[in-house]
Every structure is written in C-alpha cells, then in structure tokens.
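Please read the structure below before turning to the comments.
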Amino acid sequence: MIDGTIDTAVFEAALRQVIDEADTLRLQFVDSDDGLRQKIGAPAWSMPVLNLTAEVDPQAAADAWMQADYQQSLNPMQYSF
C-alpha cells in the first residue's frame, strides 16, 4: 500500500520501464494458421489513475474498484500479460 502523495508521472514511468524490460509482461497470444502462438508484443499499456480522495472512505472505494476489476474476465487474445 502506498501511503501519501505520489508523483503519478514518475510512478507510471517506473512501471513502463519494468514492462519494457520484462518480456513476460508483454506476452501475447495470436491465432495463426498453425494454431495458437505466443509473441512478445509492443508495450500497449495505460495506467488508470483514480483520485478517490473525495470519497467518504477512500480505502473502501479503492477496495470496491479493485474487487470489481478483479471480477472482469480477460480475453487472452486481447491482452498482454
């Protein structure tokens, strides 16, 4: 948990560097004539930034957002891992 203010630009740059350097985080599945294949894709990624400080209980609001996000199914043909 991060407690306090963060510089979102610096935080995103750090995450981008990790994703750029770790091929496994850019793994994609593609359907080809030979069947399902894996490839290392370009880092097509965006970091959601949510400001929940105006919520009555920011932690509860963050927890609810994360729980809803976890419930979303992923299409392995659409996302990098």
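Ordered as shown in the structure tokens, chains take letters A, B, and onward, while each chain numbers its residues from 1 and ligands are numbered from 1 in the order shown.
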- Task: Considering only C-alpha atoms, return as a ChimeraX atom specification whatever protein or nucleic-acid residues lie within 10 Å of Ala42 of chain A, sequence-local ones (same chain, fewer than 6 positions apart) excluded.
- Result: /A:19-20,23,26-28,80
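By only C-alpha atoms, and with residues fewer than 5 positions from segment 4-8 of chain A along its chain excluded, the set lying at most 12 Å from it is Ala13, Ala14, Leu15, Arg16, Met47, Pro48, Val49, Leu50, Asn51 and Thr53 of chain A.
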- Check the DSSP output for the backbone and give back, as a PyMOL selection string, the residues of segment 12-48 of chain A in helix (DSSP H, G or I). chain A and resi 12-21+23-26
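Proximity ranking of A:Ala60, A:Ala54, A:Val10, A:Val30 relative to Met77 of chain A places A:Val30 first, based on only C-alpha atoms.
Of the residues in segment 8-62 of chain A, those given strand (DSSP E) by DSSP on the backbone are Leu27, Gln28, Phe29, Val30, Asp31, Ser32, Gly35, Leu36, Arg37, Gln38, Lys39 and Ile40 of chain A.
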